[in-house]
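Asker: File follows, data-v5.txt with compact mmCIF, C-alpha atoms:
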# COMPACT_ATOMS: atom_id res chain seq x y z
CA GLY O 1 -1.57 54.77 -34.10
CA ARG O 2 -5.24 55.50 -33.66
CA LEU O 3 -8.06 52.97 -33.43
CA ALA O 4 -9.14 52.02 -36.97
CA GLY O 5 -11.69 49.28 -36.29
CA SER O 6 -12.60 46.09 -34.46
CA ASP O 7 -14.22 42.71 -34.99
CA LEU O 8 -17.46 43.90 -33.39
CA GLY O 9 -20.42 42.13 -35.01
CA SER O 10 -18.40 39.25 -36.43
CA LEU O 11 -19.47 36.79 -33.67
CA ALA O 12 -15.85 35.75 -33.22
CA ARG O 13 -15.17 34.38 -29.76
CA GLY O 14 -12.12 36.57 -29.33
CA ASP O 15 -11.89 40.35 -29.54
CA LEU O 16 -9.67 42.36 -31.85
CA ASN O 17 -8.95 46.07 -32.07
CA TYR O 18 -6.65 47.25 -34.86
CA TYR O 19 -4.87 50.55 -35.36
CA GLU O 20 -3.60 52.73 -38.19
CA ALA O 21 -1.10 55.60 -38.50
CA LEU O 22 -1.96 58.09 -41.24
CA GLU O 23 1.03 60.43 -41.39
CA ASP O 24 1.94 62.36 -44.54
CA GLY O 25 4.85 60.70 -46.33
CA TRP O 26 4.89 57.61 -44.10
CA LEU O 27 3.74 54.03 -44.74
CA MET O 28 2.47 51.46 -42.29
CA LEU O 29 3.66 47.87 -42.56
CA GLY O 30 0.15 46.63 -41.84
CA HIS O 31 -2.50 47.41 -39.29
CA GLY O 32 -1.19 47.55 -35.76
CA VAL O 33 -2.60 45.16 -33.18
CA GLU O 34 -1.44 47.56 -30.48
CA PRO O 35 -1.24 51.36 -30.47
CA SER O 36 2.56 51.36 -30.91
CA MET O 37 3.41 50.85 -34.59
CA VAL O 38 6.34 50.90 -37.00
CA VAL O 39 6.03 53.18 -40.02
CA VAL O 40 8.51 53.77 -42.84
CA ARG O 41 9.09 56.39 -45.52
CA ALA O 42 8.89 55.33 -49.17
CA GLY O 43 12.27 55.05 -50.90
CA PRO O 44 14.56 52.61 -52.73
CA ALA O 45 14.26 50.07 -49.91
CA VAL O 46 10.52 50.61 -49.38
CA ARG O 47 7.64 50.18 -51.84
CA GLN O 48 4.01 51.09 -51.40
CA ALA O 49 1.52 48.24 -51.79
CA GLN O 50 0.24 47.87 -55.36
CA SER O 51 -2.28 45.07 -54.81
CA TRP O 52 -3.89 42.97 -52.09
CA GLU O 53 -4.06 39.22 -51.55
CA CYS O 54 -6.97 37.89 -49.52
CA VAL O 55 -5.77 35.86 -46.54
CA TRP O 56 -9.22 35.17 -45.14
CA ASN O 57 -12.84 36.31 -45.33
CA ASP O 58 -16.05 35.31 -43.58
CA TYR O 59 -17.77 33.96 -46.69
CA GLY O 60 -20.39 31.47 -45.57
CA SER O 61 -21.01 33.04 -42.17
CA GLY O 62 -24.30 34.62 -43.19
CA ARG O 63 -23.46 37.88 -41.42
CA PRO O 64 -24.90 41.12 -42.89
CA SER O 65 -21.46 42.74 -42.92
CA ASP O 66 -18.31 41.26 -44.38
CA TYR O 67 -14.99 40.68 -42.66
CA ALA O 68 -11.70 40.08 -44.47
CA VAL O 69 -7.93 40.07 -43.93
CA TYR O 70 -5.53 41.10 -46.70
CA MET O 71 -1.81 40.90 -47.33
CA PRO O 72 -0.10 43.77 -49.23
CA ARG O 73 1.72 42.92 -52.46
CA CYS O 74 3.86 44.63 -55.09
CA GLU O 75 5.26 43.55 -58.46
CA ASP O 76 8.85 43.12 -57.24
CA PRO O 77 9.22 39.78 -55.40
CA ASP O 78 12.24 41.15 -53.48
CA PHE O 79 9.92 43.36 -51.45
CA VAL O 80 8.21 41.57 -48.56
CA ALA O 81 5.15 42.29 -46.45
CA CYS O 82 5.54 42.52 -42.67
CA GLY O 83 1.89 42.61 -41.63
CA VAL O 84 -1.72 42.24 -42.72
CA VAL O 85 -4.57 44.71 -43.19
CA PHE O 86 -8.09 44.24 -41.81
CA VAL O 87 -11.27 45.26 -43.62
CA PHE O 88 -13.99 44.50 -41.07
CA GLY O 89 -17.65 45.52 -41.32
CA SER O 90 -17.56 46.26 -45.05
CA GLN O 91 -19.77 45.17 -47.96
CA SER O 92 -18.93 42.76 -50.79
CA PHE O 93 -15.57 41.84 -49.22
CA ALA O 94 -14.10 45.20 -50.16
CA GLU O 95 -10.32 45.45 -50.49
CA PRO O 96 -8.33 48.25 -48.88
CA ALA O 97 -8.24 51.45 -50.91
CA TRP O 98 -5.69 51.40 -53.77
CA ASP O 99 -3.74 54.24 -52.14
CA TYR O 100 -3.94 52.97 -48.57
CA PRO O 101 -0.51 53.81 -47.06
CA VAL O 102 1.00 50.37 -46.48
CA GLY O 103 4.57 49.53 -47.50
CA LEU O 104 6.71 46.50 -48.23
CA LEU O 105 10.42 46.31 -47.40
CA HIS O 106 13.35 44.97 -49.37
CA ARG O 107 14.24 41.52 -48.09
CA SER O 108 17.85 42.58 -47.35
CA LEU O 109 16.50 44.71 -44.48
CA LEU O 110 14.57 41.79 -43.01
CA GLU O 111 15.03 38.51 -41.22
CA VAL O 112 12.72 35.52 -40.90
CA VAL O 113 11.24 35.31 -37.42
CA ALA O 114 9.05 32.93 -35.46
CA LEU O 115 5.58 34.22 -34.74
CA GLY O 116 4.83 35.59 -31.30
CA GLU O 117 1.72 35.76 -29.18
CA TYR O 118 -1.78 34.79 -30.29
CA VAL O 119 -3.77 37.76 -31.63
CA TRP O 120 -7.09 36.59 -33.11
CA CYS O 121 -8.88 33.76 -34.93
CA ASP O 122 -12.23 33.28 -36.65
CA ALA O 123 -13.53 30.65 -34.21
CA GLY O 124 -17.28 31.15 -33.71
CA ILE O 125 -17.89 32.92 -37.03
CA GLY O 126 -18.73 29.82 -39.07
CA ALA O 127 -16.93 30.90 -42.24
CA GLN O 128 -15.87 28.57 -45.03
CA HIS O 129 -12.17 29.24 -44.38
CA SER O 130 -10.26 29.53 -41.12
CA VAL O 131 -7.52 31.87 -39.98
CA GLN O 132 -5.38 32.31 -36.88
CA LEU O 133 -3.21 35.38 -36.48
CA LYS O 134 -0.17 35.87 -34.27
CA SER O 135 2.02 38.90 -33.62
CA ILE O 136 5.36 39.70 -35.21
CA ALA O 137 7.67 40.59 -32.34
CA GLY O 138 8.86 44.20 -32.35
CA MET O 139 6.70 45.19 -35.31
CA GLY O 140 3.27 45.60 -33.71
CA THR O 141 1.64 43.81 -36.67
CA ALA O 142 -0.07 40.44 -37.16
CA TRP O 143 0.69 37.52 -39.49
CA PRO O 144 -1.23 34.32 -40.29
CA ALA O 145 -0.11 31.20 -38.46
CA VAL O 146 -3.02 29.33 -40.09
CA ALA O 147 -4.83 30.39 -43.26
CA THR O 148 -6.72 27.64 -45.04
CA ARG O 149 -7.46 29.91 -47.98
CA LEU O 150 -3.72 30.24 -48.66
CA GLY O 151 -2.64 26.74 -47.71
CA LEU O 152 0.77 27.12 -46.06
CA PRO O 153 1.15 30.78 -45.00
CA PRO O 154 4.32 32.64 -46.05
CA LEU O 155 7.10 33.03 -43.50
CA ALA O 156 6.92 36.00 -41.17
CA HIS O 157 9.59 38.71 -41.41
CA ARG O 158 10.70 41.55 -39.21
CA ILE O 159 13.21 44.37 -39.61
CA ARG O 160 16.71 43.32 -38.62
CA PRO O 161 17.60 44.65 -35.15
CA CYS O 162 20.51 46.68 -36.55
CA PHE O 163 18.02 48.82 -38.49
CA MET O 164 15.71 49.44 -35.56
CA PRO O 165 15.88 52.36 -33.11
CA SER O 166 18.18 51.78 -30.16
CA CYS O 167 18.83 55.13 -28.48
CA PRO O 168 15.64 57.20 -28.34
CA THR O 169 15.80 60.55 -26.60
CA THR O 170 13.67 61.19 -23.54
CA GLU O 171 12.37 64.52 -24.84
CA PRO O 172 9.67 64.47 -27.55
CA SER O 173 10.34 66.50 -30.67
CA GLY O 174 8.60 67.13 -33.95
CA PRO O 175 4.88 67.06 -34.75
CA GLY O 176 2.93 64.60 -32.64
CA GLY O 177 5.71 64.26 -30.08
CA TYR O 178 7.72 61.62 -31.95
CA PHE O 179 11.09 60.70 -30.49
CA ASP O 180 14.32 61.13 -32.40
CA THR O 181 17.24 58.80 -31.76
CA LYS O 182 20.66 60.26 -31.03
CA GLN O 183 22.33 58.18 -33.71
CA ALA O 184 21.55 56.81 -37.16
CA LEU O 185 21.93 53.08 -37.61
CA HIS O 186 23.35 52.04 -40.99
CA LYS O 187 22.04 55.13 -42.78
CA LEU O 188 18.51 54.66 -41.43
CA ARG O 189 17.20 57.56 -39.36
CA ALA O 190 14.84 56.21 -36.74
CA HIS O 191 12.19 58.30 -34.98
CA ASN O 192 11.06 55.94 -32.24
CA THR O 193 8.94 53.70 -34.47
CA PHE O 194 9.47 55.90 -37.55
CA ILE O 195 12.18 54.54 -39.86
CA ASP O 196 13.43 56.70 -42.72
CA ALA O 197 15.43 55.01 -45.48
CA PRO O 198 18.02 57.24 -47.24
CA ALA O 199 17.39 58.69 -50.69
CA GLU O 200 20.26 56.61 -52.07
CA TRP O 201 20.51 53.06 -50.82
CA ASP O 202 23.02 50.41 -51.77
CA GLU O 203 22.47 46.84 -50.64
CA SER O 204 26.20 46.13 -50.85
CA GLU O 205 26.83 48.66 -48.08
CA ARG O 206 25.29 46.34 -45.52
CA GLU O 207 28.08 43.80 -45.97
CA VAL O 208 30.73 44.06 -43.25
CA ARG O 209 34.03 42.42 -43.96
CA ARG O 210 36.70 41.71 -41.39
CA ARG O 211 40.29 41.15 -42.49
CA ARG O 212 42.89 39.36 -40.42
CA ALA O 213 46.07 41.32 -39.73
CA ASN O 214 49.26 39.44 -40.60
CA SER O 215 52.91 40.14 -39.81
CA TRP O 216 55.80 40.29 -42.28
CA PRO O 217 57.88 38.33 -42.62
CA PRO O 218 55.55 35.46 -41.68
CA ASN O 219 56.26 33.27 -38.70
CA PRO O 220 57.55 29.82 -39.68
CA GLY O 221 54.74 27.30 -39.44
CA SER O 222 52.04 30.01 -39.49
CA GLY O 223 50.72 28.87 -42.83
CA GLN O 224 51.30 32.27 -44.45
CA LYS O 225 52.78 32.07 -47.93
CA THR O 226 55.76 34.17 -48.93
CA GLY O 227 54.67 35.50 -52.33
CA SER O 228 57.32 36.27 -54.94
CA ILE O 229 56.33 39.94 -55.19
CA GLN O 230 56.36 40.43 -51.43
CA LEU O 231 59.67 38.59 -51.20
CA ALA O 232 61.23 40.78 -53.91
CA GLN O 233 60.00 43.93 -52.12
CA THR O 234 61.42 42.69 -48.83
CA LEU O 235 64.79 41.84 -50.35
CA ALA O 236 64.90 45.30 -51.95
CA ALA O 237 64.13 46.83 -48.58
CA VAL O 238 66.90 44.79 -46.93
CA ALA O 239 69.34 45.82 -49.62
CA GLY O 240 68.41 49.44 -49.10
CA GLY O 241 69.04 49.10 -45.38
CA SER O 242 72.36 47.24 -45.52
CA SER O 243 74.29 50.41 -44.80
CA ALA O 244 72.15 51.30 -41.85
CA SER O 245 73.94 52.54 -38.78
CA PRO O 246 74.26 50.29 -35.70
CA SER O 247 71.73 52.42 -33.88
CA ALA O 248 69.23 51.92 -36.69
CA SER O 249 69.83 48.16 -36.81
CA SER O 250 68.94 47.85 -33.16
CA GLN O 251 65.37 48.95 -33.92
CA SER O 252 62.52 46.55 -34.55
CA ALA O 253 62.97 44.23 -37.52
CA LEU O 254 60.03 45.97 -39.21
CA SER O 255 60.41 49.71 -38.64
CA PRO O 256 57.15 51.49 -39.49
CA GLY O 257 58.71 54.89 -38.92
CA ILE O 258 61.48 54.42 -41.50
CA ALA O 259 60.37 54.47 -45.13
CA GLY O 260 62.03 52.16 -47.63
CA PRO O 261 61.72 52.15 -51.43
CA ALA O 262 58.45 53.65 -52.76
CA GLY O 263 57.54 54.75 -49.25
CA ARG O 264 57.23 51.16 -47.94
CA PRO O 265 58.41 50.32 -44.42
CA ARG O 266 62.03 49.23 -44.47
CA LEU O 267 63.00 45.88 -43.07
CA ASP O 268 66.34 46.33 -41.31
CA SER O 269 68.79 43.47 -41.65
CA GLY O 270 69.96 43.69 -38.07
CA GLY O 271 68.63 41.46 -35.32
CA VAL O 272 66.52 42.42 -32.35
CA ASP O 273 67.94 42.10 -28.86
CA GLY O 274 70.82 39.95 -30.10
CA ARG O 275 68.66 37.59 -32.16
CA SER O 276 69.52 36.82 -35.80
CA SER O 277 67.47 38.25 -38.63
CA ARG O 278 64.12 36.52 -39.03
CA LEU O 279 64.29 37.08 -42.79
CA ASP O 280 67.40 34.90 -43.04
CA SER O 281 65.66 32.18 -41.03
CA VAL O 282 62.63 32.23 -43.32
CA LEU O 283 64.72 32.12 -46.52
CA GLU O 284 66.82 29.25 -45.22
CA GLY O 285 63.78 27.35 -43.85
CA ARG O 286 65.13 27.47 -40.30
CA PRO O 287 62.71 27.93 -37.35
Using structure tokens, write down the structure from this file.

Answerer:
Amino acid sequence: GRLAGSDLGSLARGDLNYYEALEDGWLMLGHGVEPSMVVVRAGPAVRQAQSWECVWNDYGSGRPSDYAVYMPRCEDPDFVACGVVFVFGSQSFAEPAWDYPVGLLHRSLLEVVALGEYVWCDAGIGAQHSVQLKSIAGMGTAWPAVATRLGLPPLAHRIRPCFMPSCPTTEPSGPGGYFDTKQALHKLRAHNTFIDAPAEWDESEREVRRRRANSWPPNPGSGQKTGSIQLAQTLAAVAGGSSASPSASSQSALSPGIAGPAGRPRLDSGGVDGRSSRLDSVLEGRP
């Protein structure tokens, strides 16, 4: 981002420079407190700010210019802010412009995170309310740790690591020398700090389910239940394989390469390496 402003003239004891990235089609997540910023493209998982909530202002300081910090908002409570916006050196506690390019992200893309390093506070200004800002790790934005105007500040959020860039190229490409990653993570194309949500986005796609592989027939004592349908299918398979040749019966008890009824694997009735059929043991309750 480029330098957008500072706290010069506020009489704050600390110093603050803040940055903005004004790229066509991209939204900031708040002012950056360092030149490196995260920006996102508007889409189903991203909403542009529709209103602004005042986190702090210097009312009561007596300064000729006004200083204020705002939090972006939108009508849908499932979309969450990941940074604040500064309006320093203005008049009449002006809000950011209605079309200022700041976005909010769907909460399914985010995780709650502890605040990072100290960024800035209003100590020395003498305002009616107090604020202390800290960084959100990996986002380059700031969030209130203390904000007496709000009471208890909202929790800070950051983009889940699985949605962030992980493999940037070493050669710059595209306007401005942005870096493209060599792979897309969960349908999000990342350009260094540029994250592009897909045109069609389904929250259910982020769920990853792992299923445990089980053997058939089940091992005695394994806790697996022998369902009536599975048992009937197995008995049919055994019946179909009763005339199998000796060479076939010497194969594995479950022969994936030999299709039984309806294309299912056929369970040969013969034993393996001289052992009796496991199916008989299961049906008779023997170990």

Asker: Grab the CA of Pro144 in chain O to CA of Ser130 in chain O distance for me, in Å with one decimal place.

Answerer: 10.3 Å

Asker: Work out how far CA of Asp99 in chain O is from CA of Ala147 in chain O, in Å to one decimal.

Answerer: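 Interatomic distance, CA of Ala147 in chain O to CA of Asp99 in chain O: 25.5 Å.
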
Asker: Restricting the calculation to all atoms listed in the file: of O:Leu104, O:Leu22, O:Leu3, O:Met37, which residue gets closest to Val80 in chain O?

Answerer: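 Of O:Leu104, O:Leu22, O:Leu3, O:Met37, the one nearest Val80 in chain O, counting all atoms listed in the file, is O:Leu104.
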
Asker: Mind pulling up the distance from CA of Ala127 in chain O to CA of Ser92 in chain O?

Answerer: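 Spanning CA of Ser92 in chain O to CA of Ala127 in chain O is a straight-line distance of 14.8 Å.
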
Asker: Measuring atom to atom with only C-alpha atoms, identify which of O:Ala97, O:Cys54, O:Ala156, O:Ala45 is nearest to Phe79 in chain O.

Answerer: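 Once distances to Phe79 in chain O are computed over only C-alpha atoms, the minimum belongs to O:Ala45.
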
Asker: Between O:Met139, O:Leu115, O:Leu105, O:Ala21, single out the one closest to Pro77 in chain O, counting only C-alpha atoms.

Answerer: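 Among O:Met139, O:Leu115, O:Leu105, O:Ala21, it is O:Leu105 that comes nearest to Pro77 in chain O.
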
Asker: Nearest to Val146 in chain O among O:Val131, O:Val84, O:Gly43, O:Val33, with distances taken over all atoms listed in the file: which residue is it?

Answerer: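 Closest candidate: O:Val131.
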